[in-house]
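Trainee: Starting off with a structure, shown below.
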There are 4 protein chains.
Amino acid sequence: VKFDTVTLATVSLSILLLAHAAPGDAAARARDLGIPFEGIPGPLNAITDVPGVEVGHVTRLSGEGALEVGVGPIRTGVTVVLPRGRQGSEPAYGGFFALNGNGEVTGQSYLQDFGLIFGPIGISNTNAIGQVYAGIMQWSQWNRGRAIWPLVAETWDGDLNDIQGFHIGPEDAVQAVEVARSGPVQEGNVGGGTGMVCFAFKGGIGTASRRVGAAHFVGVLVQCNTGKREVLRIAGAPVGTEMANSWLPCYQADLAPAHRRPKCRDDGHGGKASPDQGSIIIVVGTNLPLTSNQLDRVARRAALALGRLGSYSGNESGDFIVAFSTEAAANEVDQSRNLDAVFQATVEATEEAIVNALVAARTMTGADGYRVYAIPHDELKAALRRYNRLN
Amino acid sequence: VKFDTVTLATVSLSILLLAHAAPGDAAARARDLGIPFEGIPGPLNAITDVPGVEVGHVTRLSGEGALEVGVGPIRTGVTVVLPRGRQGSEPAYGGFFALNGNGEVTGQSYLQDFGLIFGPIGISNTNAIGQVYAGIMQWSQWNRGRAIWPLVAETWDGDLNDIQGFHIGPEDAVQAVEVARSGPVQEGNVGGGTGMVCFAFKGGIGTASRRVGAAHFVGVLVQCNTGKREVLRIAGAPVGTEMANSWLPCYQADLAPAHRRPKCRDDGHGGKASPDQGSIIIVVGTNLPLTSNQLDRVARRAALALGRLGSYSGNESGDFIVAFSTEAAANEVDQSRNLDAVFQATVEATEEAIVNALVAARTMTGADGYRVYAIPHDELKAALRRYNRLN
Amino acid sequence: VKFDTVTLATVSLSILLLAHAAPGDAAARARDLGIPFEGIPGPLNAITDVPGVEVGHVTRLSGEGALEVGVGPIRTGVTVVLPRGRQGSEPAYGGFFALNGNGEVTGQSYLQDFGLIFGPIGISNTNAIGQVYAGIMQWSQWNRGRAIWPLVAETWDGDLNDIQGFHIGPEDAVQAVEVARSGPVQEGNVGGGTGMVCFAFKGGIGTASRRVGAAHFVGVLVQCNTGKREVLRIAGAPVGTEMANSWLPCYQADLAPAHRRPKCRDDGHGGKASPDQGSIIIVVGTNLPLTSNQLDRVARRAALALGRLGSYSGNESGDFIVAFSTEAAANEVDQSRNLDAVFQATVEATEEAIVNALVAARTMTGADGYRVYAIPHDELKAALRRYNRLN
Amino acid sequence: VKFDTVTLATVSLSILLLAHAAPGDAAARARDLGIPFEGIPGPLNAITDVPGVEVGHVTRLSGEGALEVGVGPIRTGVTVVLPRGRQGSEPAYGGFFALNGNGEVTGQSYLQDFGLIFGPIGISNTNAIGQVYAGIMQWSQWNRGRAIWPLVAETWDGDLNDIQGFHIGPEDAVQAVEVARSGPVQEGNVGGGTGMVCFAFKGGIGTASRRVGAAHFVGVLVQCNTGKREVLRIAGAPVGTEMANSWLPCYQADLAPAHRRPKCRDDGHGGKASPDQGSIIIVVGTNLPLTSNQLDRVARRAALALGRLGSYSGNESGDFIVAFSTEAAANEVDQSRNLDAVFQATVEATEEAIVNALVAARTMTGADGYRVYAIPHDELKAALRRYNRLN
């Protein structure tokens with residue numbers, strides 16, 4: 001089965017998609033909890049506030065208990081962002097920043113020299129890069145008749161997911177493109193973010209946006225799998241210190257092999273911070289006309305948001321930002337007066353998107369019974385209140 | 001007087017140096033106010049905790065009242081950092097990051113291709129780059145017998161200082177090198193930081209350090225002239241929002257020409273945030289053996305500290321980081337296990353160095369009676385206490 | 001058959017490999033024709049003169065006549081370079097240069113930040129990037145137990161090959177790794193170079209080396225698919241001008257559909273330069289201990305060899321250089337005295353490797369009867385003689 | 001006299017300028033000798049074919065015989081290129097490439113992030129960087145009322161010139177700006193090129209241009225101080241090998257101190273290649289509308305011309321290219337169809353400009369009687385004829 005891929009039946013996929021659109025999730029966004037953020041979000045508070053942007057997720061979930069490579073448990077997926085949607089054949093203008101290069105974003109040289117992004121941006125797990133690349137290339141050849149050099153990024157889900165089983169195939173990337181749509185974006189344990197861990201809480205996909213002027217937006221989508229628990233700041237409050245020893249990852253006793261330690265305890269204490277500090281992929285989009293130089297600079301601002309979260313971007317973390325604009329700038333001088341607003345919006349939306357990923361994610365148990373807890377909303381609110389940072 | 005330079009007599013310079021070493025300054029460091037920081041500082045909590053590092057300041061202060069280009073008022077200076085001191089002839093290993101390139105750091109190509117820093121790093125005002133470059137080149141030729149490509153950086157002090165008068169000459173840079181020494185580092189309105197403005201408070205030079213293991217240190221020196229008041233976070237608390245409308249720059253009524261607005265008021269309200277968002281130069285040094293690749297990565301971490309301060313690195317701000325190590329790494333793999341500690345120390349020390357610059361600076365009145373207030377320590381402590389962030 | 005791959009039987013692969021090792025090829029190297037080159041080659045005049053380096057080719061050839069997407073004709077393959085061979089688990093030190101970014105080399109961020117290359121460097125056709133990436137990732141996971149971010153590069157063979165048929169699968173990359181060996185390297189229509197076109201002559205794989213001191217070598221391997229005929233200079237002689245209108249690509253009358261133009265003529269005139277100017281991938285290896293900074297600089301020198309060939313690196317050409325060293329440099333200063341010798345060797349070996357690719361390649365007829373001629377050795381020698389450039 | 005500068009009287013400067021405009025120089029261009037070049041030059045075959053471009057030289061020549069630091073002999077100067085002339089206040093669009101970073105080009109970060117070049121590009125000797133920077137900054141402040149971050153580049157003339165005497169001051173840079181004009185450009189021993197050495201022949205300033213379409217030009221200006229004699233290729237012919245041992249630098253017996261070796265011989269043999277391989281600064285300008293990304297790519301092409309000359313860009317050589325356009329591109333896609341023509345024109349014009357610098361330069365004797373010979377035109381023609389490369 002080495003090169004084969006296990007395809008989830010379309011019906012089960014639909015069920016998963018449905019599950020994530022359930023009413024229970026509707027309220028689960030960071031600002032709904034009363035967390036204070038600066039700036040004015042767009043109507044969806046999502047990257048899809050940027051006109052034309054579409055997001056697609058394919059989520060692969062199956063099995064539980066002991067890890068059997070090639071079988072499962074599977075806790076992974078693919079997320080794609082299409083700057084101009086599935087129908088758009090023109091490129092977007094693009095920029096890039098590698099805050100820490102311990103990971104992969106393909107397609108860099110074309111982006112750097114041409115400043116253009118053709119087609120879908122793919123995000124998945126580390127071992128799926130090639131397959132997602134192949135899928136996007138095939139989709140592009142068959143639908144657009146041309147080769148592109150897609151941007152494919154990854155973070156590592158090998159604690160929860162049978163990553164060495166290579167359960168993502170090119171067809172999953174094609175499927176993610178095919179289901180991409182505008183409108184609200186699912187967050188948390190979905191798509192490429194399915195098995196991700198963020199500041200030692202369950203992480204995954206998050207999104208947010210900011211309005212810049214009357215008709216322009218900056219939108220952000222993150223796949224958060226990074227961060228050390230104890231440094232975490234939310235709205236500036238030292239939440240990580242407050243929760244340094246609770247709800248850390250552990251093994252669920254009834255699922256894990258006997259040698260797996262530590263076992264989960266009912267009181268939420270006794271877990272252990274994952275030794276892997278993971279990675280984060282941040283996609284920033286806007287309909288403000290910006291040059292690729294300016295988009296490189298926008299990309300760097302997302303790093304400042306990671307700074308707000310308390311991150312120091314660990315050596316093992318692949319921390320990358322892709323920025324795009326759907327409008328052409330007349331030249332380098334055009335729009336420069338708006339750059340401060342774009343920069344501020346980028347920092348604010350990235351900060352909120354990461355917190356949204358944390359708030360939306362649900363506790364997950366995966367390979368060998370490894371359990372990663374969602375950040376408990378009540379404890380989070382209590383901590384913020386202690387620092388006068390809850391609306 | 002176009003190409004000439006007005007030299008302060010050595011005696012007056014000595015007096016200035018003395019003044020800045022007055023006991024009143026001894027306590028004026030951020031952690032002395034009770035501001036909480038993470039990590040363990042070195043004995044001096046300064047970049048000079050890194051063995052061999054020397055810092056020299058030359059401060060140029062004269063005149064008051066109406067601006068007369070070429071005459072004054074003068075509120076400027078030069079700061080130099082010598083990675084191996086004045087006696088060291090070997091290069092240090094170096095890295096670099098340009099968070100926002102609206103400014104100048106010379107010597108970049110040699111640093112990028114060779115990964116080495118020879119001689120003094122100079123920091124002054126924008127119009128003094130050439131003269132400081134010339135001074136360091138001359139010092140190097142005469143003392144080392146060789147040309148170097150010095151790193152010379154700048155931030156703009158043209159609100160307080162007669163910057164178009166070009167009052168810094170090559171001899172000031174040479175003087176700064178000659179007075180450089182190890183030991184405690186003066187902060188605030190000194191050297192290149194003399195006329196600088198940081199988050200619309202009086203800024204300038206700040207420093208801090210962190211211990212990494214038994215005998216290794218990461219030290220940081222900043223020249224802070226950046227930041228928008230309202231975004232300022234100290235220890236995560238939204239201090240800038242709390243002081244958004246007080247102690248903003250204004251013109252002192254008895255010194256400013258009649259047309260200068262707004263005039264300073266006794267209650268500290270009525271000033272206006274400077275339209276220029278300035279710049280910041282950050283120098284990170286360590287005696288941990290790191291390759292130049294790794295030092296490039298260290299340099300990027302200092303940006304995360306700016307993120308902690310709430311900055312979005314404005315379009316008009318030249319935000320640059322130079323990082324150096326005084327020890328050679330055996331290869332790219334050597335020391336990688338220590339990188340997380342170095343990264344975290346860099347973020348922590350940079351955060352504290354910027355706050356130290358704010359806390360150490362004193363209210364200054366310069367050209368046309370322009371006044372920039374020091375952050376009032378009592379109000380700062382009160383604000384931090386409201387957010388449960390004062391020790 | 002979309003995601004499936006057609007595997008050539010091992011037996012037919014062996015036959016192909018055998019065919020390329022046939023005695024007729026033994027003499028077909030550029031210096032055997034009397035073309036003058038500077039410097040002293042290693043014993044094999046190949047990248048495998050660098051101790052430990054292994055090269056593997058998988059060649060996929062089948063079908064002829066009209067193009068049927070998904071069926072053929074197939075004229076493609078995969079070449080891998082293993083800096084430390086299949087058994088070596090340590091990384092090599094690496095550098096990179098993108099002369100023109102119209103193409104793909106994956107794995108760039110890790111290379112830039114860590115300066116290390118783990119595992120095989122893969123080279124194939126444009127549409128095979130994802131599959132080759134997947135194959136190398138799988139090989140690495142199964143053989144080394146870890147994810148890597150492989151360097152996978154490509155050039156476009158879509159004139160001769162059914163490139164939209166996606167005939168390369170992950171297993172071809174694994175196979176190329178498995179057959180990699182030290183010793184002589186096949187050149188011309190082999191591996192990734194199978195369907196490539198170089199200065200409008202048949203191109204593909206070429207290699208050469210230079211000795212630097214007693215025990216050190218610089219070796220180069222190219223996959224040449226670039227260049228405009230009329231600018232071609234060999235040994236400085238304007239060979240391209242001399243052959244500007246002969247042996248240009250054309251359609252073989254008995255194989256091509258009727259509408260394909262121009263048809264091949266017996267006199268070699270009447271063809272047309274391919275509108276696509278292709279790309280070139282250059283891999284430079286050495287056992288001199290170099291830092292990754294120095295290897296970045298070595299990579300740039302290979303571009304100077306392209307200059308010697310007369311290239312201007314066209315907009316449509318993805319021209320990339322990967323450089324590696326198998327030995328660790330003590331620090332940035334170590335070996336700098338040897339850099340001139342390394343730089344000169346890199347230029348010389350790259351120049352010869354490209355000419356070797358031209359000289360070794362054989363006329364090939366592919367999809368829709370498209371024919372690309374090998375450079376005729378007799379005419380080449382005659383042209384060089386006219387410019388006093390034949391030994 | 002440390003920081004002072006010795007100013008040549010205006011009258012002697014005029015004489016120098018006059019001398020260089022003498023009729024004897026009119027024929028001294030490479031193509032006048034019959035050297036074959038590709039492409040169609042503009043009317044002046046100079047960078048000033050690009051509308052609006054102005055070039056200014058200040059040449060400092062005085063003294064002979066033994067070197068006395070601070071006194072002379074002086075063989076140096078400053079050259080400035082103004083993309084939009086002295087009257088133009090708008091920026092040009094800019095790009096950059098550092099082929100080898102052993103040198104200095106200031107102003108890089110602004111160029112990289114903003115893609116704009118304000119004001120004069122200055123080229124002088126290594127020790128004059130700071131002073132030229134200061135002069136351009138002062139000129140800009142006084143004439144434009146704003147700080148800029150000028151591009152100042154250098155090559156080392158310390159064999160012929162008393163470089164440690166620091167004979168260039170800010171006023172020389174201002175003077176070079178003030179005398180800048182459109183029209184024919186002086187070549188050879190002039191301006192910043194006065195004391196430069198190119199492939200161990202006398203070098204200096206050279207220029208050339210190419211027509212691209214009806215009304216567009218690519219122009220190049222070089223300050224050539226690089227290259228190893230034996231690798232030199234002109235029009236592809238191995239001229240350096242032919243002249244490997246003749247007309248190498250030596251000391252003129254009647255001027256040099258006794259210990260200086262080797263002494264010049266009448267037969268032109270017996271000299272020695274300079275151990276320093278110098279540097280080259282290449283400025284490429286065009287009125288084709290290009291983005292800064294595209295101009296970065298144009299800059300890289302000039303390196304291919306160095307390759308044509310046989311260079312391997314030595315470790316000690318600071319080899320830099322600045323490219324600018326005076327027209328704004330609508331976006332990244334605009335003009336891409338013209339890029340091949342621009343790239344080819346850049347390679348061709350750079351190749352010719354370097355040969356022009358060699359052909360225009362005159363034998364010069366400087367400090368300690370050091371003599372650098374001009375390439376003898378007759379011998380050059382004879383060598384080219386042997387390789388069938390003379391029209």
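Residue names in the structure tokens use chain letters A, B, ... in the order shown, residue numbers from 1 in each chain, and ligand numbers from 1 in the order shown.
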Run DSSP on the backbone and tell me which residues of region 181-272 of chain C come out as helix (DSSP H, G or I); list them as a ChimeraX atom specification.

Mentor: /C:191-193,229-231,239-242

Trainee: Can you write out the residues you just picked, keeping C-alpha atoms, as a PDB file, in the first residue's frame?

Mentor:
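Output saved as selection15.pdb:
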ATOM      1  CA  GLY C 191      17.374  10.199 -16.070  1.00  0.00           C
ATOM      2  CA  GLY C 192      15.817  13.614 -15.613  1.00  0.00           C
ATOM      3  CA  GLY C 193      17.677  14.760 -18.701  1.00  0.00           C
ATOM      4  CA  ARG C 229      20.813  28.743 -30.269  1.00  0.00           C
ATOM      5  CA  GLU C 230      22.281  31.905 -31.705  1.00  0.00           C
ATOM      6  CA  VAL C 231      24.066  33.021 -28.538  1.00  0.00           C
ATOM      7  CA  VAL C 239      29.293  28.236 -32.402  1.00  0.00           C
ATOM      8  CA  GLY C 240      25.643  29.279 -32.137  1.00  0.00           C
ATOM      9  CA  THR C 241      26.000  31.899 -34.820  1.00  0.00           C
ATOM     10  CA  GLU C 242      27.760  29.380 -37.023  1.00  0.00           C
TER      11      GLU C 242
END

Trainee: For chain A, work out the contacting residues on chain C at 10 Å, counting only C-alpha atoms, and write them as a PyMOL selection string.

Mentor: chain C and resi 2-5+97-114+126-138+141-142+145-152+156+163-166+169-171+315+318+320

Trainee: As an exercise, work out the distance from CA of His167 (chain D) to CA of Asp368 (chain D) in Å and give it to one decimal place.

Mentor: 17.0 Å

Trainee: Quick one: everything within 12 Å of His377 (chain B), counting only C-alpha atoms, minus sequence neighbours fewer than 5 positions away in the same chain. Send it as a list of chain:residue names.

Mentor: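 Using only C-alpha atoms, the neighbours found are B:Ala27, B:Ala28, B:Arg29, B:Ala30, B:Arg31, B:Asp32, B:Leu33, B:Gly34, B:Ile35, B:Phe201, B:Val239, B:Val355, B:Asn356, B:Leu358, B:Val359, B:Ala360, B:Ala361, B:Arg362, B:Thr363, B:Ala382, B:Ala383, B:Leu384.
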
Trainee: Keeping only N, CA, C and O atoms, write those residues as an mmCIF file, in the first residue's frame.

Mentor:
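The new file again-v2.cif reads:
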data_model
loop_
_atom_site.group_PDB
_atom_site.id
_atom_site.type_symbol
_atom_site.label_atom_id
_atom_site.label_comp_id
_atom_site.auth_asym_id
_atom_site.auth_seq_id
_atom_site.Cartn_x
_atom_site.Cartn_y
_atom_site.Cartn_z
ATOM 1 N N ALA B 27 18.857 53.987 39.831
ATOM 2 C CA ALA B 27 17.675 53.166 40.072
ATOM 3 C C ALA B 27 16.724 53.126 38.877
ATOM 4 O O ALA B 27 15.778 52.373 38.879
ATOM 5 N N ALA B 28 17.002 53.974 37.878
ATOM 6 C CA ALA B 28 16.011 54.158 36.829
ATOM 7 C C ALA B 28 16.043 53.057 35.790
ATOM 8 O O ALA B 28 16.274 53.315 34.614
ATOM 9 N N ARG B 29 15.822 51.830 36.222
ATOM 10 C CA ARG B 29 15.717 50.757 35.255
ATOM 11 C C ARG B 29 14.350 50.103 35.431
ATOM 12 O O ARG B 29 13.749 50.128 36.503
ATOM 13 N N ALA B 30 13.906 49.501 34.357
ATOM 14 C CA ALA B 30 12.510 49.067 34.328
ATOM 15 C C ALA B 30 12.174 48.082 35.443
ATOM 16 O O ALA B 30 11.136 48.193 36.099
ATOM 17 N N ARG B 31 13.064 47.118 35.664
ATOM 18 C CA ARG B 31 12.706 46.112 36.679
ATOM 19 C C ARG B 31 12.743 46.691 38.088
ATOM 20 O O ARG B 31 12.119 46.133 38.993
ATOM 21 N N ASP B 32 13.468 47.802 38.267
ATOM 22 C CA ASP B 32 13.468 48.463 39.575
ATOM 23 C C ASP B 32 12.098 49.056 39.899
ATOM 24 O O ASP B 32 11.755 49.255 41.062
ATOM 25 N N LEU B 33 11.333 49.370 38.870
ATOM 26 C CA LEU B 33 9.975 49.881 39.097
ATOM 27 C C LEU B 33 8.995 48.773 39.453
ATOM 28 O O LEU B 33 7.858 49.047 39.803
ATOM 29 N N GLY B 34 9.443 47.521 39.292
ATOM 30 C CA GLY B 34 8.541 46.400 39.561
ATOM 31 C C GLY B 34 7.898 45.816 38.323
ATOM 32 O O GLY B 34 6.972 45.001 38.410
ATOM 33 N N ILE B 35 8.373 46.220 37.182
ATOM 34 C CA ILE B 35 7.820 45.646 35.950
ATOM 35 C C ILE B 35 8.301 44.210 35.822
ATOM 36 O O ILE B 35 9.498 43.937 35.952
ATOM 37 N N PHE B 201 6.994 58.855 23.694
ATOM 38 C CA PHE B 201 7.685 59.275 24.907
ATOM 39 C C PHE B 201 9.155 59.516 24.548
ATOM 40 O O PHE B 201 9.641 59.061 23.509
ATOM 41 N N VAL B 239 -0.589 49.745 28.078
ATOM 42 C CA VAL B 239 -0.181 51.018 28.652
ATOM 43 C C VAL B 239 -0.453 52.169 27.685
ATOM 44 O O VAL B 239 -0.831 53.273 28.088
ATOM 45 N N VAL B 355 12.028 48.760 27.058
ATOM 46 C CA VAL B 355 11.384 49.370 28.220
ATOM 47 C C VAL B 355 12.418 50.139 29.046
ATOM 48 O O VAL B 355 12.135 51.233 29.568
ATOM 49 N N ASN B 356 13.636 49.608 29.130
ATOM 50 C CA ASN B 356 14.696 50.349 29.830
ATOM 51 C C ASN B 356 14.979 51.696 29.167
ATOM 52 O O ASN B 356 15.228 52.695 29.861
ATOM 53 N N LEU B 358 12.863 53.540 27.594
ATOM 54 C CA LEU B 358 11.753 54.422 27.975
ATOM 55 C C LEU B 358 11.887 54.901 29.410
ATOM 56 O O LEU B 358 11.647 56.073 29.721
ATOM 57 N N VAL B 359 12.242 53.980 30.285
ATOM 58 C CA VAL B 359 12.286 54.308 31.712
ATOM 59 C C VAL B 359 13.470 55.217 32.040
ATOM 60 O O VAL B 359 13.388 56.098 32.905
ATOM 61 N N ALA B 360 14.585 55.022 31.333
ATOM 62 C CA ALA B 360 15.797 55.799 31.636
ATOM 63 C C ALA B 360 15.760 57.200 31.049
ATOM 64 O O ALA B 360 16.410 58.110 31.575
ATOM 65 N N ALA B 361 15.038 57.383 29.970
ATOM 66 C CA ALA B 361 15.065 58.679 29.288
ATOM 67 C C ALA B 361 14.446 59.756 30.170
ATOM 68 O O ALA B 361 13.595 59.479 31.016
ATOM 69 N N ARG B 362 14.936 60.991 29.953
ATOM 70 C CA ARG B 362 14.416 62.131 30.700
ATOM 71 C C ARG B 362 13.739 63.083 29.720
ATOM 72 O O ARG B 362 14.127 63.155 28.555
ATOM 73 N N THR B 363 12.742 63.795 30.205
ATOM 74 C CA THR B 363 12.064 64.790 29.374
ATOM 75 C C THR B 363 13.095 65.729 28.755
ATOM 76 O O THR B 363 14.020 66.185 29.425
ATOM 77 N N ALA B 382 1.047 52.788 37.937
ATOM 78 C CA ALA B 382 -0.404 52.720 38.199
ATOM 79 C C ALA B 382 -1.112 51.933 37.088
ATOM 80 O O ALA B 382 -1.997 51.112 37.350
ATOM 81 N N ALA B 383 -0.715 52.185 35.863
ATOM 82 C CA ALA B 383 -1.347 51.482 34.742
ATOM 83 C C ALA B 383 -1.062 49.983 34.824
ATOM 84 O O ALA B 383 -1.958 49.150 34.628
ATOM 85 N N LEU B 384 0.181 49.640 35.114
ATOM 86 C CA LEU B 384 0.527 48.216 35.202
ATOM 87 C C LEU B 384 -0.242 47.554 36.337
ATOM 88 O O LEU B 384 -0.674 46.397 36.220
#

Trainee: Using the chain letters and numbers from this document, which residues of region 69-216 of chain A does DSSP assign to strand (DSSP E or B), as a ChimeraX atom specification?

Mentor: /A:72,74-82,92-101,105,116-117,121-125,152-155,181,188,197-198,201-202,204-212,216

Trainee: Leaving out Pro262 (chain D) and any residue of its chain fewer than 5 positions from it, which residues lie within 12 Å of it when counting only C-alpha atoms, given as a list of chain:residue names?

Mentor: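 The residues satisfying every condition are D:Leu248, D:Pro249, D:Cys250, D:Tyr251, D:Gln252, D:Ala253, D:Ala256, D:Pro257, D:Gly268, D:His269, D:Gly270, D:Gly271, D:Lys272, D:Ala273, D:Ser274, D:Asp368, D:Gly369, D:Tyr370, D:Arg371.
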
Trainee: Go ahead and write the selection's residues with N, CA, C and O atoms as an mmCIF file, in the first residue's frame.

Mentor:
data_model
loop_
_atom_site.group_PDB
_atom_site.id
_atom_site.type_symbol
_atom_site.label_atom_id
_atom_site.label_comp_id
_atom_site.auth_asym_id
_atom_site.auth_seq_id
_atom_site.Cartn_x
_atom_site.Cartn_y
_atom_site.Cartn_z
ATOM 1 N N LEU D 248 52.335 43.488 -17.533
ATOM 2 C CA LEU D 248 51.800 43.355 -16.175
ATOM 3 C C LEU D 248 52.305 44.518 -15.319
ATOM 4 O O LEU D 248 53.353 45.101 -15.604
ATOM 5 N N PRO D 249 51.612 44.866 -14.267
ATOM 6 C CA PRO D 249 52.014 46.005 -13.440
ATOM 7 C C PRO D 249 53.437 45.852 -12.895
ATOM 8 O O PRO D 249 53.883 44.736 -12.577
ATOM 9 N N CYS D 250 54.121 46.976 -12.779
ATOM 10 C CA CYS D 250 55.511 46.983 -12.342
ATOM 11 C C CYS D 250 55.816 48.364 -11.765
ATOM 12 O O CYS D 250 54.950 49.236 -11.738
ATOM 13 N N TYR D 251 57.034 48.572 -11.320
ATOM 14 C CA TYR D 251 57.422 49.872 -10.758
ATOM 15 C C TYR D 251 58.359 50.585 -11.722
ATOM 16 O O TYR D 251 59.363 50.007 -12.157
ATOM 17 N N GLN D 252 58.042 51.824 -12.030
ATOM 18 C CA GLN D 252 58.877 52.600 -12.940
ATOM 19 C C GLN D 252 60.176 52.973 -12.212
ATOM 20 O O GLN D 252 60.156 53.626 -11.166
ATOM 21 N N ALA D 253 61.280 52.555 -12.809
ATOM 22 C CA ALA D 253 62.563 52.587 -12.086
ATOM 23 C C ALA D 253 62.916 53.968 -11.545
ATOM 24 O O ALA D 253 63.418 54.108 -10.423
ATOM 25 N N ALA D 256 60.268 54.839 -8.406
ATOM 26 C CA ALA D 256 59.995 53.960 -7.269
ATOM 27 C C ALA D 256 61.148 53.931 -6.291
ATOM 28 O O ALA D 256 62.317 54.042 -6.683
ATOM 29 N N PRO D 257 60.845 53.765 -5.002
ATOM 30 C CA PRO D 257 61.900 53.489 -4.026
ATOM 31 C C PRO D 257 62.637 52.206 -4.436
ATOM 32 O O PRO D 257 62.073 51.336 -5.115
ATOM 33 N N GLY D 268 58.075 45.181 -21.879
ATOM 34 C CA GLY D 268 56.736 44.915 -21.358
ATOM 35 C C GLY D 268 56.630 43.621 -20.577
ATOM 36 O O GLY D 268 55.582 43.314 -20.011
ATOM 37 N N HIS D 269 57.720 42.848 -20.523
ATOM 38 C CA HIS D 269 57.706 41.618 -19.738
ATOM 39 C C HIS D 269 58.349 41.881 -18.385
ATOM 40 O O HIS D 269 59.074 42.837 -18.210
ATOM 41 N N GLY D 270 58.090 41.032 -17.463
ATOM 42 C CA GLY D 270 58.747 41.165 -16.170
ATOM 43 C C GLY D 270 57.868 41.741 -15.080
ATOM 44 O O GLY D 270 58.212 41.685 -13.903
ATOM 45 N N GLY D 271 56.716 42.285 -15.435
ATOM 46 C CA GLY D 271 55.802 42.776 -14.407
ATOM 47 C C GLY D 271 55.142 41.604 -13.691
ATOM 48 O O GLY D 271 55.453 40.435 -13.919
ATOM 49 N N LYS D 272 54.222 41.939 -12.830
ATOM 50 C CA LYS D 272 53.596 40.900 -12.010
ATOM 51 C C LYS D 272 52.121 41.243 -11.825
ATOM 52 O O LYS D 272 51.785 42.405 -11.587
ATOM 53 N N ALA D 273 51.291 40.244 -11.905
ATOM 54 C CA ALA D 273 49.862 40.491 -11.686
ATOM 55 C C ALA D 273 49.653 40.967 -10.265
ATOM 56 O O ALA D 273 50.246 40.441 -9.324
ATOM 57 N N SER D 274 48.828 41.970 -10.095
ATOM 58 C CA SER D 274 48.516 42.475 -8.773
ATOM 59 C C SER D 274 47.899 41.360 -7.942
ATOM 60 O O SER D 274 47.026 40.619 -8.416
ATOM 61 N N ASP D 368 54.605 55.433 -5.447
ATOM 62 C CA ASP D 368 55.844 54.635 -5.456
ATOM 63 C C ASP D 368 56.232 54.195 -6.869
ATOM 64 O O ASP D 368 56.921 53.184 -7.049
ATOM 65 N N GLY D 369 55.791 54.955 -7.858
ATOM 66 C CA GLY D 369 56.137 54.643 -9.245
ATOM 67 C C GLY D 369 55.446 53.403 -9.799
ATOM 68 O O GLY D 369 55.836 52.866 -10.845
ATOM 69 N N TYR D 370 54.403 52.957 -9.128
ATOM 70 C CA TYR D 370 53.650 51.791 -9.618
ATOM 71 C C TYR D 370 53.033 52.145 -10.956
ATOM 72 O O TYR D 370 52.394 53.198 -11.102
ATOM 73 N N ARG D 371 53.260 51.291 -11.936
ATOM 74 C CA ARG D 371 52.745 51.556 -13.274
ATOM 75 C C ARG D 371 51.803 50.428 -13.696
ATOM 76 O O ARG D 371 52.134 49.240 -13.580
#

Trainee: Grab the CA of Asp340 (chain A) to CA of Arg301 (chain A) distance for me, in Å with one decimal place.

Mentor: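 Rounded to one decimal, the two atoms are 10.5 Å apart.
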
Trainee: Near Ile281 (chain B), within 9 Å and counting only C-alpha atoms, which residues show up once chain neighbours fewer than 6 positions away are dropped, as a list in words?

Mentor: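 Here the answer would be Ile123, Ala153, Glu154, Thr155, Leu221, Val222, Gln223, Cys224, Asn225, Gly318, Asp319, Phe320, Ile321 and Val322 of chain B.
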
Trainee: Neighbouring residues of Ala208 (chain D) were defined as those with any atom within 9 Å, considering only C-alpha atoms; residues of the same chain fewer than 4 positions away were excluded. Please report them as a list in words.

Mentor: Pro41, Gly42, Leu44, Asn45, Ala46, Ile47, Thr48, Asp49, Val218, Gly219, Val220, Leu221, Glu348, Ala349, Thr350, Glu351, Glu352, Ala353, Ile354 and Asn356 of chain D
